>>> print(open('input35.cif').read())   # mmCIF, N, CA and C atoms
data_protein
#
loop_
_atom_site.label_atom_id
_atom_site.label_comp_id
_atom_site.auth_asym_id
_atom_site.auth_seq_id
_atom_site.Cartn_x
_atom_site.Cartn_y
_atom_site.Cartn_z
N MET A 15 8.98 119.50 68.14
CA MET A 15 10.18 120.02 68.75
C MET A 15 10.74 121.13 67.84
N HIS A 16 11.25 122.16 68.46
CA HIS A 16 11.80 123.30 67.72
C HIS A 16 13.06 122.86 66.95
N PRO A 17 13.20 123.30 65.70
CA PRO A 17 14.35 122.85 64.90
C PRO A 17 15.71 123.17 65.51
N ILE A 18 15.83 124.31 66.16
CA ILE A 18 17.12 124.67 66.78
C ILE A 18 17.42 123.74 67.95
N LEU A 19 16.42 123.48 68.77
CA LEU A 19 16.61 122.56 69.90
C LEU A 19 16.97 121.17 69.40
N ARG A 20 16.31 120.75 68.34
CA ARG A 20 16.59 119.44 67.75
C ARG A 20 18.03 119.37 67.23
N THR A 21 18.48 120.42 66.58
CA THR A 21 19.84 120.48 66.06
C THR A 21 20.85 120.44 67.20
N VAL A 22 20.59 121.18 68.26
CA VAL A 22 21.50 121.19 69.42
C VAL A 22 21.58 119.80 70.04
N LEU A 23 20.43 119.15 70.21
CA LEU A 23 20.42 117.81 70.79
C LEU A 23 21.13 116.80 69.89
N GLU A 24 20.96 116.94 68.58
CA GLU A 24 21.66 116.05 67.65
C GLU A 24 23.17 116.24 67.74
N ARG A 25 23.61 117.49 67.84
CA ARG A 25 25.05 117.78 67.95
C ARG A 25 25.62 117.25 69.26
N LEU A 26 24.88 117.39 70.34
CA LEU A 26 25.33 116.87 71.62
C LEU A 26 25.44 115.35 71.57
N ALA A 27 24.46 114.71 70.98
CA ALA A 27 24.50 113.24 70.86
C ALA A 27 25.66 112.80 69.98
N LEU A 28 25.91 113.53 68.90
CA LEU A 28 27.03 113.20 68.03
C LEU A 28 28.36 113.40 68.76
N GLY A 29 28.45 114.44 69.58
CA GLY A 29 29.66 114.67 70.37
C GLY A 29 29.90 113.56 71.37
N LEU A 30 28.86 113.10 72.04
CA LEU A 30 28.99 111.99 73.00
C LEU A 30 29.38 110.70 72.29
N LEU A 31 28.78 110.46 71.13
CA LEU A 31 29.13 109.27 70.35
C LEU A 31 30.60 109.33 69.92
N THR A 32 31.06 110.50 69.52
CA THR A 32 32.46 110.67 69.12
C THR A 32 33.39 110.40 70.29
N LEU A 33 33.07 110.93 71.47
CA LEU A 33 33.88 110.67 72.66
C LEU A 33 33.93 109.17 72.98
N PHE A 34 32.79 108.51 72.85
CA PHE A 34 32.72 107.08 73.12
C PHE A 34 33.60 106.29 72.16
N VAL A 35 33.51 106.61 70.87
CA VAL A 35 34.30 105.89 69.86
C VAL A 35 35.79 106.15 70.06
N VAL A 36 36.16 107.40 70.34
CA VAL A 36 37.58 107.73 70.58
C VAL A 36 38.09 107.00 71.81
N SER A 37 37.30 106.92 72.87
CA SER A 37 37.74 106.22 74.08
C SER A 37 37.95 104.74 73.80
N ILE A 38 37.09 104.14 72.98
CA ILE A 38 37.26 102.73 72.63
C ILE A 38 38.53 102.53 71.81
N ILE A 39 38.78 103.44 70.86
CA ILE A 39 39.98 103.33 70.03
C ILE A 39 41.24 103.45 70.88
N ILE A 40 41.28 104.41 71.78
CA ILE A 40 42.46 104.60 72.63
C ILE A 40 42.63 103.42 73.58
N PHE A 41 41.55 102.98 74.21
CA PHE A 41 41.65 101.85 75.13
C PHE A 41 42.12 100.60 74.39
N SER A 42 41.57 100.37 73.21
CA SER A 42 41.97 99.19 72.42
C SER A 42 43.43 99.29 71.99
N SER A 43 43.86 100.48 71.60
CA SER A 43 45.25 100.67 71.20
C SER A 43 46.20 100.35 72.34
N LEU A 44 45.83 100.73 73.55
CA LEU A 44 46.69 100.44 74.71
C LEU A 44 46.78 98.95 74.98
N GLN A 45 45.74 98.22 74.63
CA GLN A 45 45.75 96.78 74.85
C GLN A 45 46.73 96.08 73.91
N PHE A 46 46.98 96.68 72.75
CA PHE A 46 47.86 96.07 71.76
C PHE A 46 49.33 96.44 71.94
N LEU A 47 49.62 97.31 72.90
CA LEU A 47 51.02 97.67 73.13
C LEU A 47 51.79 96.45 73.62
N PRO A 48 53.04 96.33 73.20
CA PRO A 48 53.83 95.18 73.66
C PRO A 48 54.23 95.35 75.13
N GLY A 49 54.44 94.24 75.79
CA GLY A 49 54.88 94.27 77.18
C GLY A 49 53.72 94.23 78.15
N ASP A 50 54.08 94.24 79.41
CA ASP A 50 53.10 94.14 80.48
C ASP A 50 53.28 95.33 81.40
N PHE A 51 52.18 96.02 81.74
CA PHE A 51 52.27 97.20 82.58
C PHE A 51 52.85 96.86 83.96
N ALA A 52 52.42 95.76 84.53
CA ALA A 52 52.90 95.38 85.87
C ALA A 52 54.40 95.14 85.85
N THR A 53 54.91 94.47 84.84
CA THR A 53 56.35 94.22 84.73
C THR A 53 57.10 95.53 84.50
N ALA A 54 56.53 96.42 83.71
CA ALA A 54 57.17 97.70 83.44
C ALA A 54 57.27 98.55 84.70
N VAL A 55 56.23 98.54 85.52
CA VAL A 55 56.25 99.35 86.75
C VAL A 55 57.15 98.73 87.80
N LEU A 56 57.06 97.41 87.97
CA LEU A 56 57.83 96.75 89.02
C LEU A 56 59.27 96.47 88.62
N GLY A 57 59.54 96.42 87.33
CA GLY A 57 60.89 96.16 86.87
C GLY A 57 61.10 94.69 86.56
N GLN A 58 62.19 94.42 85.87
CA GLN A 58 62.49 93.05 85.45
C GLN A 58 62.86 92.14 86.62
N ALA A 59 63.32 92.72 87.72
CA ALA A 59 63.76 91.91 88.85
C ALA A 59 62.60 91.45 89.74
N ALA A 60 61.39 91.88 89.45
CA ALA A 60 60.24 91.50 90.27
C ALA A 60 59.94 90.01 90.13
N THR A 61 59.55 89.41 91.23
CA THR A 61 59.22 87.98 91.21
C THR A 61 57.86 87.80 90.55
N PRO A 62 57.61 86.62 89.99
CA PRO A 62 56.31 86.35 89.36
C PRO A 62 55.14 86.52 90.34
N GLU A 63 55.37 86.21 91.61
CA GLU A 63 54.30 86.37 92.61
C GLU A 63 53.96 87.85 92.80
N THR A 64 55.00 88.70 92.84
CA THR A 64 54.79 90.13 93.00
C THR A 64 54.05 90.70 91.80
N VAL A 65 54.46 90.29 90.60
CA VAL A 65 53.80 90.75 89.38
C VAL A 65 52.34 90.30 89.37
N ALA A 66 52.09 89.06 89.76
CA ALA A 66 50.71 88.54 89.78
C ALA A 66 49.87 89.30 90.79
N ALA A 67 50.44 89.59 91.97
CA ALA A 67 49.70 90.34 92.99
C ALA A 67 49.38 91.75 92.51
N PHE A 68 50.36 92.38 91.85
CA PHE A 68 50.17 93.74 91.34
C PHE A 68 49.12 93.75 90.23
N ARG A 69 49.18 92.77 89.33
CA ARG A 69 48.18 92.67 88.27
C ARG A 69 46.78 92.47 88.86
N ASN A 70 46.69 91.67 89.92
CA ASN A 70 45.42 91.44 90.59
C ASN A 70 44.92 92.72 91.25
N GLU A 71 45.84 93.45 91.89
CA GLU A 71 45.47 94.70 92.56
C GLU A 71 44.92 95.72 91.57
N LEU A 72 45.52 95.79 90.38
CA LEU A 72 45.08 96.75 89.37
C LEU A 72 43.90 96.25 88.55
N GLY A 73 43.56 94.99 88.68
CA GLY A 73 42.46 94.42 87.90
C GLY A 73 42.86 94.06 86.49
N LEU A 74 44.16 93.90 86.24
CA LEU A 74 44.63 93.56 84.90
C LEU A 74 44.33 92.11 84.53
N ASN A 75 43.89 91.32 85.49
CA ASN A 75 43.51 89.94 85.21
C ASN A 75 42.10 89.86 84.60
N GLU A 76 41.36 90.95 84.72
CA GLU A 76 40.00 91.00 84.19
C GLU A 76 40.05 91.10 82.66
N PRO A 77 39.01 90.66 81.97
CA PRO A 77 38.95 90.84 80.51
C PRO A 77 38.94 92.34 80.16
N ALA A 78 39.41 92.66 78.98
CA ALA A 78 39.52 94.05 78.55
C ALA A 78 38.15 94.75 78.56
N VAL A 79 37.11 94.05 78.16
CA VAL A 79 35.77 94.66 78.13
C VAL A 79 35.34 95.06 79.54
N THR A 80 35.59 94.19 80.50
CA THR A 80 35.23 94.48 81.90
C THR A 80 36.02 95.68 82.41
N ARG A 81 37.32 95.73 82.11
CA ARG A 81 38.14 96.86 82.55
C ARG A 81 37.66 98.16 81.92
N TYR A 82 37.28 98.10 80.63
CA TYR A 82 36.79 99.30 79.95
C TYR A 82 35.50 99.79 80.60
N ILE A 83 34.57 98.89 80.87
CA ILE A 83 33.29 99.27 81.48
C ILE A 83 33.53 99.86 82.87
N GLN A 84 34.43 99.26 83.64
CA GLN A 84 34.75 99.80 84.96
C GLN A 84 35.38 101.19 84.85
N TRP A 85 36.25 101.37 83.85
CA TRP A 85 36.89 102.67 83.66
C TRP A 85 35.86 103.73 83.29
N VAL A 86 34.96 103.41 82.34
CA VAL A 86 33.93 104.37 81.94
C VAL A 86 33.02 104.71 83.12
N ALA A 87 32.65 103.69 83.91
CA ALA A 87 31.81 103.94 85.08
C ALA A 87 32.51 104.86 86.07
N GLY A 88 33.80 104.67 86.26
CA GLY A 88 34.57 105.54 87.16
C GLY A 88 34.65 106.96 86.63
N VAL A 89 34.90 107.11 85.33
CA VAL A 89 35.00 108.45 84.73
C VAL A 89 33.67 109.19 84.82
N VAL A 90 32.58 108.49 84.57
CA VAL A 90 31.26 109.11 84.66
C VAL A 90 31.00 109.62 86.08
N GLN A 91 31.53 108.93 87.08
CA GLN A 91 31.37 109.34 88.47
C GLN A 91 32.45 110.33 88.92
N GLY A 92 33.36 110.69 88.03
CA GLY A 92 34.41 111.64 88.36
C GLY A 92 35.66 111.00 88.95
N ASP A 93 35.76 109.68 88.90
CA ASP A 93 36.93 108.96 89.44
C ASP A 93 37.84 108.60 88.28
N PHE A 94 38.96 109.31 88.15
CA PHE A 94 39.90 109.05 87.07
C PHE A 94 41.02 108.12 87.51
N GLY A 95 40.95 107.64 88.73
CA GLY A 95 41.95 106.68 89.19
C GLY A 95 43.10 107.34 89.93
N THR A 96 44.17 106.55 90.13
CA THR A 96 45.34 106.99 90.88
C THR A 96 46.54 107.05 89.95
N SER A 97 47.34 108.09 90.11
CA SER A 97 48.54 108.25 89.29
C SER A 97 49.62 107.29 89.77
N PHE A 98 50.38 106.76 88.82
CA PHE A 98 51.48 105.86 89.16
C PHE A 98 52.82 106.57 89.22
N SER A 99 52.85 107.87 88.95
CA SER A 99 54.13 108.58 88.88
C SER A 99 54.83 108.62 90.24
N GLY A 100 54.11 108.74 91.34
CA GLY A 100 54.75 108.80 92.64
C GLY A 100 54.46 107.60 93.51
N ARG A 101 53.95 106.54 92.92
CA ARG A 101 53.51 105.38 93.69
C ARG A 101 54.65 104.69 94.43
N SER A 102 55.80 104.56 93.78
CA SER A 102 56.92 103.84 94.42
C SER A 102 57.47 104.62 95.59
N ALA A 103 57.34 105.95 95.58
CA ALA A 103 57.86 106.76 96.68
C ALA A 103 56.82 106.97 97.77
N GLY A 104 55.66 106.36 97.63
CA GLY A 104 54.61 106.49 98.63
C GLY A 104 53.84 107.79 98.52
N ARG A 105 53.92 108.46 97.37
CA ARG A 105 53.20 109.73 97.18
C ARG A 105 52.06 109.53 96.19
N GLU A 106 51.19 108.60 96.46
CA GLU A 106 50.06 108.34 95.55
C GLU A 106 49.15 109.56 95.53
N ARG A 107 48.76 109.96 94.32
CA ARG A 107 47.84 111.08 94.17
C ARG A 107 46.79 110.71 93.15
N GLU A 108 45.60 111.23 93.36
CA GLU A 108 44.52 111.00 92.42
C GLU A 108 44.81 111.75 91.13
N VAL A 109 44.40 111.17 90.01
CA VAL A 109 44.62 111.80 88.71
C VAL A 109 43.87 113.12 88.64
N MET A 110 42.66 113.18 89.19
CA MET A 110 41.88 114.42 89.16
C MET A 110 42.61 115.53 89.91
N GLU A 111 43.30 115.18 90.99
CA GLU A 111 44.08 116.15 91.75
C GLU A 111 45.21 116.72 90.90
N LEU A 112 45.76 115.91 90.01
CA LEU A 112 46.85 116.36 89.14
C LEU A 112 46.36 117.21 87.97
N ILE A 113 45.19 116.87 87.42
CA ILE A 113 44.74 117.59 86.22
C ILE A 113 43.82 118.76 86.54
N ALA A 114 43.27 118.85 87.74
CA ALA A 114 42.32 119.92 88.07
C ALA A 114 42.89 121.32 87.84
N PRO A 115 44.11 121.64 88.34
CA PRO A 115 44.62 123.00 88.08
C PRO A 115 44.80 123.28 86.59
N ARG A 116 45.24 122.29 85.85
CA ARG A 116 45.42 122.48 84.42
C ARG A 116 44.08 122.57 83.70
N MET A 117 43.09 121.85 84.21
CA MET A 117 41.77 121.89 83.60
C MET A 117 41.17 123.28 83.76
N TRP A 118 41.32 123.88 84.92
CA TRP A 118 40.78 125.22 85.12
C TRP A 118 41.47 126.23 84.20
N ASN A 119 42.78 126.08 84.03
CA ASN A 119 43.50 126.96 83.10
C ASN A 119 43.01 126.75 81.68
N THR A 120 42.78 125.51 81.30
CA THR A 120 42.29 125.20 79.96
C THR A 120 40.89 125.77 79.74
N LEU A 121 40.01 125.61 80.73
CA LEU A 121 38.65 126.16 80.62
C LEU A 121 38.68 127.68 80.54
N PHE A 122 39.57 128.31 81.31
CA PHE A 122 39.70 129.77 81.25
C PHE A 122 40.14 130.21 79.87
N LEU A 123 41.17 129.55 79.33
CA LEU A 123 41.66 129.89 78.00
C LEU A 123 40.58 129.66 76.93
N ALA A 124 39.85 128.55 77.03
CA ALA A 124 38.80 128.25 76.07
C ALA A 124 37.67 129.27 76.15
N SER A 125 37.29 129.68 77.35
CA SER A 125 36.21 130.67 77.49
C SER A 125 36.64 132.03 76.98
N MET A 126 37.88 132.44 77.25
CA MET A 126 38.36 133.72 76.72
C MET A 126 38.42 133.69 75.19
N THR A 127 38.83 132.56 74.64
CA THR A 127 38.86 132.42 73.18
C THR A 127 37.45 132.51 72.61
N ALA A 128 36.50 131.85 73.26
CA ALA A 128 35.11 131.89 72.78
C ALA A 128 34.53 133.29 72.88
N ILE A 129 34.89 134.02 73.93
CA ILE A 129 34.38 135.39 74.10
C ILE A 129 34.84 136.28 72.95
N ILE A 130 36.03 136.02 72.44
CA ILE A 130 36.55 136.80 71.31
C ILE A 130 36.08 136.22 69.98
N ALA A 131 36.15 134.91 69.83
CA ALA A 131 35.91 134.28 68.53
C ALA A 131 34.45 134.30 68.10
N VAL A 132 33.52 134.05 69.01
CA VAL A 132 32.11 133.96 68.62
C VAL A 132 31.57 135.29 68.10
N PRO A 133 31.74 136.40 68.81
CA PRO A 133 31.25 137.66 68.23
C PRO A 133 31.96 138.04 66.92
N LEU A 134 33.26 137.77 66.86
CA LEU A 134 34.00 138.07 65.63
C LEU A 134 33.48 137.21 64.47
N ALA A 135 33.25 135.93 64.71
CA ALA A 135 32.75 135.05 63.66
C ALA A 135 31.34 135.46 63.22
N LEU A 136 30.50 135.83 64.18
CA LEU A 136 29.15 136.28 63.82
C LEU A 136 29.20 137.55 62.99
N ALA A 137 30.02 138.50 63.40
CA ALA A 137 30.11 139.77 62.67
C ALA A 137 30.63 139.53 61.25
N LEU A 138 31.69 138.74 61.13
CA LEU A 138 32.24 138.47 59.80
C LEU A 138 31.26 137.69 58.94
N GLY A 139 30.56 136.71 59.53
CA GLY A 139 29.60 135.91 58.78
C GLY A 139 28.41 136.73 58.30
N ILE A 140 27.90 137.59 59.16
CA ILE A 140 26.75 138.42 58.79
C ILE A 140 27.14 139.42 57.71
N THR A 141 28.29 140.08 57.89
CA THR A 141 28.69 141.07 56.87
C THR A 141 29.04 140.38 55.55
N ALA A 142 29.62 139.20 55.60
CA ALA A 142 29.91 138.47 54.36
C ALA A 142 28.61 138.07 53.66
N ALA A 143 27.59 137.71 54.45
CA ALA A 143 26.29 137.36 53.85
C ALA A 143 25.61 138.59 53.26
N LEU A 144 25.79 139.75 53.91
CA LEU A 144 25.17 140.97 53.38
C LEU A 144 25.81 141.40 52.05
N TYR A 145 27.09 141.16 51.92
CA TYR A 145 27.81 141.53 50.69
C TYR A 145 28.20 140.28 49.91
N ARG A 146 27.23 139.42 49.72
CA ARG A 146 27.45 138.13 49.07
C ARG A 146 28.03 138.28 47.66
N ASN A 147 29.01 137.40 47.37
CA ASN A 147 29.70 137.35 46.08
C ASN A 147 30.50 138.62 45.76
N SER A 148 30.75 139.44 46.76
CA SER A 148 31.58 140.62 46.54
C SER A 148 33.03 140.27 46.85
N LEU A 149 33.92 141.22 46.60
CA LEU A 149 35.32 141.04 46.92
C LEU A 149 35.49 140.84 48.43
N TYR A 150 34.70 141.60 49.21
CA TYR A 150 34.75 141.47 50.67
C TYR A 150 34.38 140.04 51.10
N ASP A 151 33.30 139.51 50.54
CA ASP A 151 32.85 138.15 50.87
C ASP A 151 33.94 137.13 50.53
N ARG A 152 34.52 137.26 49.38
CA ARG A 152 35.58 136.33 48.97
C ARG A 152 36.80 136.44 49.87
N ALA A 153 37.14 137.66 50.25
CA ALA A 153 38.31 137.86 51.12
C ALA A 153 38.05 137.26 52.51
N ILE A 154 36.86 137.47 53.04
CA ILE A 154 36.52 136.88 54.36
C ILE A 154 36.54 135.36 54.28
N ASN A 155 35.94 134.79 53.24
CA ASN A 155 35.93 133.34 53.08
C ASN A 155 37.33 132.77 52.94
N ALA A 156 38.15 133.41 52.13
CA ALA A 156 39.52 132.92 51.94
C ALA A 156 40.33 133.03 53.22
N THR A 157 40.16 134.15 53.93
CA THR A 157 40.91 134.34 55.18
C THR A 157 40.49 133.33 56.25
N THR A 158 39.19 133.14 56.41
CA THR A 158 38.75 132.21 57.45
C THR A 158 39.08 130.76 57.11
N LEU A 159 39.03 130.41 55.84
CA LEU A 159 39.40 129.05 55.45
C LEU A 159 40.90 128.82 55.61
N THR A 160 41.66 129.85 55.35
CA THR A 160 43.12 129.72 55.50
C THR A 160 43.47 129.60 56.95
#
>>> encode(input="input35.cif", output="structure tokens")
Amino acid sequence: MHPILRTVLERLALGLLTLFVVSIIIFSSLQFLPGDFATAVLGQAATPETVAAFRNELGLNEPAVTRYIQWVAGVVQGDFGTSFSGRSAGREREVMELIAPRMWNTLFLASMTAIIAVPLALALGITAALYRNSLYDRAINATTLT
């Protein structure tokens, strides 16, 4: 296998592993928060039967590992779930519907940044390598590190 291809595949695998570990940390952190999500959404005046029905509807009665696996399976399929912000008013919306416009803006901003940053970084890196250990090299290194 070509060394560059191998390096790219290793970086992609490391990125996926990092996403997996971060998702486990965030999911686990949410499990340790005090209180109950169903009680928080329904309010203190909710009857125990209503809270139990709501917990059952959301799958909060399932073990945390099962909920995590179901969540990852949904995300892999593009299902991010339903937002709770408008649920009480009957305006349920999919999370993807809420984040899609912002995601496109984020991707646009990231691509414009990459269009500027990558050629600039290559030019600065190549010229710094050509004038190694010179004042120019030190200035470029100090500036980019800063």
>>> residues_around(input="input35.cif", residues="A:Ser97", least_positions_apart="3", cutoff="6 Å", atoms="only C-alpha atoms", output="list in words")
Arg107, Glu108 and Val109 of chain A
>>> write_last_selection(input="input35.cif", atoms="N, CA and C atoms", output="PDB file, keeping the file's coordinate frame")
ATOM      1  N   ARG A 107      48.760 109.960  94.320  1.00  0.00           N
ATOM      2  CA  ARG A 107      47.840 111.080  94.170  1.00  0.00           C
ATOM      3  C   ARG A 107      46.790 110.710  93.150  1.00  0.00           C
ATOM      4  N   GLU A 108      45.600 111.230  93.360  1.00  0.00           N
ATOM      5  CA  GLU A 108      44.520 111.000  92.420  1.00  0.00           C
ATOM      6  C   GLU A 108      44.810 111.750  91.130  1.00  0.00           C
ATOM      7  N   VAL A 109      44.400 111.170  90.010  1.00  0.00           N
ATOM      8  CA  VAL A 109      44.620 111.800  88.710  1.00  0.00           C
ATOM      9  C   VAL A 109      43.870 113.120  88.640  1.00  0.00           C
TER      10      VAL A 109
END
>>> residues_around(input="input35.cif", residues="stretch 38-55 of chain A", least_positions_apart="3", cutoff="8 Å", atoms="all atoms listed in the file", output="PDB file with N, CA and C atoms, in the coordinates of the input")
ATOM      1  N   THR A  32      31.060 110.500  69.520  1.00  0.00           N
ATOM      2  CA  THR A  32      32.460 110.670  69.120  1.00  0.00           C
ATOM      3  C   THR A  32      33.390 110.400  70.290  1.00  0.00           C
ATOM      4  N   LEU A  33      33.070 110.930  71.470  1.00  0.00           N
ATOM      5  CA  LEU A  33      33.880 110.670  72.660  1.00  0.00           C
ATOM      6  C   LEU A  33      33.930 109.170  72.980  1.00  0.00           C
ATOM      7  N   PHE A  34      32.790 108.510  72.850  1.00  0.00           N
ATOM      8  CA  PHE A  34      32.720 107.080  73.120  1.00  0.00           C
ATOM      9  C   PHE A  34      33.600 106.290  72.160  1.00  0.00           C
ATOM     10  N   VAL A  35      33.510 106.610  70.870  1.00  0.00           N
ATOM     11  CA  VAL A  35      34.300 105.890  69.860  1.00  0.00           C
ATOM     12  C   VAL A  35      35.790 106.150  70.060  1.00  0.00           C
ATOM     13  N   GLN A  58      62.190  94.420  85.870  1.00  0.00           N
ATOM     14  CA  GLN A  58      62.490  93.050  85.450  1.00  0.00           C
ATOM     15  C   GLN A  58      62.860  92.140  86.620  1.00  0.00           C
ATOM     16  N   ALA A  59      63.320  92.720  87.720  1.00  0.00           N
ATOM     17  CA  ALA A  59      63.760  91.910  88.850  1.00  0.00           C
ATOM     18  C   ALA A  59      62.600  91.450  89.740  1.00  0.00           C
ATOM     19  N   ALA A  60      61.390  91.880  89.450  1.00  0.00           N
ATOM     20  CA  ALA A  60      60.240  91.500  90.270  1.00  0.00           C
ATOM     21  C   ALA A  60      59.940  90.010  90.130  1.00  0.00           C
ATOM     22  N   THR A  64      55.000  88.700  92.840  1.00  0.00           N
ATOM     23  CA  THR A  64      54.790  90.130  93.000  1.00  0.00           C
ATOM     24  C   THR A  64      54.050  90.700  91.800  1.00  0.00           C
ATOM     25  N   VAL A  65      54.460  90.290  90.600  1.00  0.00           N
ATOM     26  CA  VAL A  65      53.800  90.750  89.380  1.00  0.00           C
ATOM     27  C   VAL A  65      52.340  90.300  89.370  1.00  0.00           C
ATOM     28  N   ALA A  66      52.090  89.060  89.760  1.00  0.00           N
ATOM     29  CA  ALA A  66      50.710  88.540  89.780  1.00  0.00           C
ATOM     30  C   ALA A  66      49.870  89.300  90.790  1.00  0.00           C
ATOM     31  N   PHE A  68      50.360  92.380  91.850  1.00  0.00           N
ATOM     32  CA  PHE A  68      50.170  93.740  91.340  1.00  0.00           C
ATOM     33  C   PHE A  68      49.120  93.750  90.230  1.00  0.00           C
ATOM     34  N   ARG A  69      49.180  92.770  89.330  1.00  0.00           N
ATOM     35  CA  ARG A  69      48.180  92.670  88.270  1.00  0.00           C
ATOM     36  C   ARG A  69      46.780  92.470  88.860  1.00  0.00           C
ATOM     37  N   ALA A  78      39.410  92.660  78.980  1.00  0.00           N
ATOM     38  CA  ALA A  78      39.520  94.050  78.550  1.00  0.00           C
ATOM     39  C   ALA A  78      38.150  94.750  78.560  1.00  0.00           C
ATOM     40  N   TYR A  82      37.280  98.100  80.630  1.00  0.00           N
ATOM     41  CA  TYR A  82      36.790  99.300  79.950  1.00  0.00           C
ATOM     42  C   TYR A  82      35.500  99.790  80.600  1.00  0.00           C
TER      43      TYR A  82
END
>>> atom_distance(input="input35.cif", atom1="atom C of A:Thr120", atom2="atom N of A:Leu136")
21.2 Å
>>> atom_distance(input="input35.cif", atom1="atom C of A:Thr157", atom2="atom C of A:Ala128")
17.7 Å
>>> residues_around(input="input35.cif", residues="stretch 84-93 of chain A", least_positions_apart="3", cutoff="9 Å", atoms="only C-alpha atoms", output="NGL selection string")
:A and (37 or 79-81 or 96 or 108-110)
>>> select_by_dssp(input="input35.cif", residues="chain A", states="alpha helix (DSSP H)", output="count of residues only")
106
>>> axis_aligned_box(input="input35.cif", around="stretch 32-41 of chain A", padding_each_side="3 Å", output="AutoDock Vina command-line options")
--center_x 36.8 --center_y 105.8 --center_z 72.1 --size_x 17.6 --size_y 16.3 --size_z 12.0
>>> atom_distance(input="input35.cif", atom1="atom N of A:Pro115", atom2="atom CA of A:Gly29")
24.1 Å
>>> build_atoms(input="input35.cif", residues="stretch 20-25 of chain A", atoms="all heavy atoms", output="compact mmCIF listing (two decimals), keeping the file's coordinate frame")
# COMPACT_ATOMS: atom_id res chain seq x y z
N ARG A 20 16.31 120.75 68.34
CA ARG A 20 16.59 119.44 67.75
C ARG A 20 18.03 119.37 67.23
O ARG A 20 18.74 118.38 67.45
CB ARG A 20 15.60 119.15 66.63
CG ARG A 20 15.73 117.77 66.07
CD ARG A 20 14.56 117.45 65.16
NE ARG A 20 15.02 116.48 64.20
CZ ARG A 20 14.76 116.52 62.92
NH1 ARG A 20 14.03 117.49 62.42
NH2 ARG A 20 15.22 115.59 62.13
N THR A 21 18.48 120.42 66.58
CA THR A 21 19.84 120.48 66.06
C THR A 21 20.85 120.44 67.20
O THR A 21 21.86 119.72 67.13
CB THR A 21 20.05 121.75 65.22
OG1 THR A 21 19.09 121.75 64.16
CG2 THR A 21 21.45 121.81 64.66
N VAL A 22 20.59 121.18 68.26
CA VAL A 22 21.50 121.19 69.42
C VAL A 22 21.58 119.80 70.04
O VAL A 22 22.67 119.30 70.36
CB VAL A 22 21.05 122.25 70.45
CG1 VAL A 22 21.80 122.08 71.76
CG2 VAL A 22 21.27 123.64 69.90
N LEU A 23 20.43 119.15 70.21
CA LEU A 23 20.42 117.81 70.79
C LEU A 23 21.13 116.80 69.89
O LEU A 23 21.86 115.93 70.38
CB LEU A 23 18.98 117.36 71.06
CG LEU A 23 18.26 118.11 72.19
CD1 LEU A 23 16.82 117.64 72.29
CD2 LEU A 23 18.98 117.92 73.51
N GLU A 24 20.96 116.94 68.58
CA GLU A 24 21.66 116.05 67.65
C GLU A 24 23.17 116.24 67.74
O GLU A 24 23.93 115.27 67.74
CB GLU A 24 21.19 116.30 66.21
CG GLU A 24 19.82 115.76 65.91
CD GLU A 24 19.34 116.14 64.51
OE1 GLU A 24 20.07 116.86 63.79
OE2 GLU A 24 18.24 115.70 64.14
N ARG A 25 23.61 117.49 67.84
CA ARG A 25 25.05 117.78 67.95
C ARG A 25 25.62 117.25 69.26
O ARG A 25 26.72 116.72 69.28
CB ARG A 25 25.31 119.28 67.83
CG ARG A 25 24.94 119.88 66.52
CD ARG A 25 25.83 119.38 65.43
NE ARG A 25 25.39 119.92 64.15
CZ ARG A 25 26.12 119.97 63.09
NH1 ARG A 25 27.34 119.49 63.10
NH2 ARG A 25 25.64 120.45 61.98
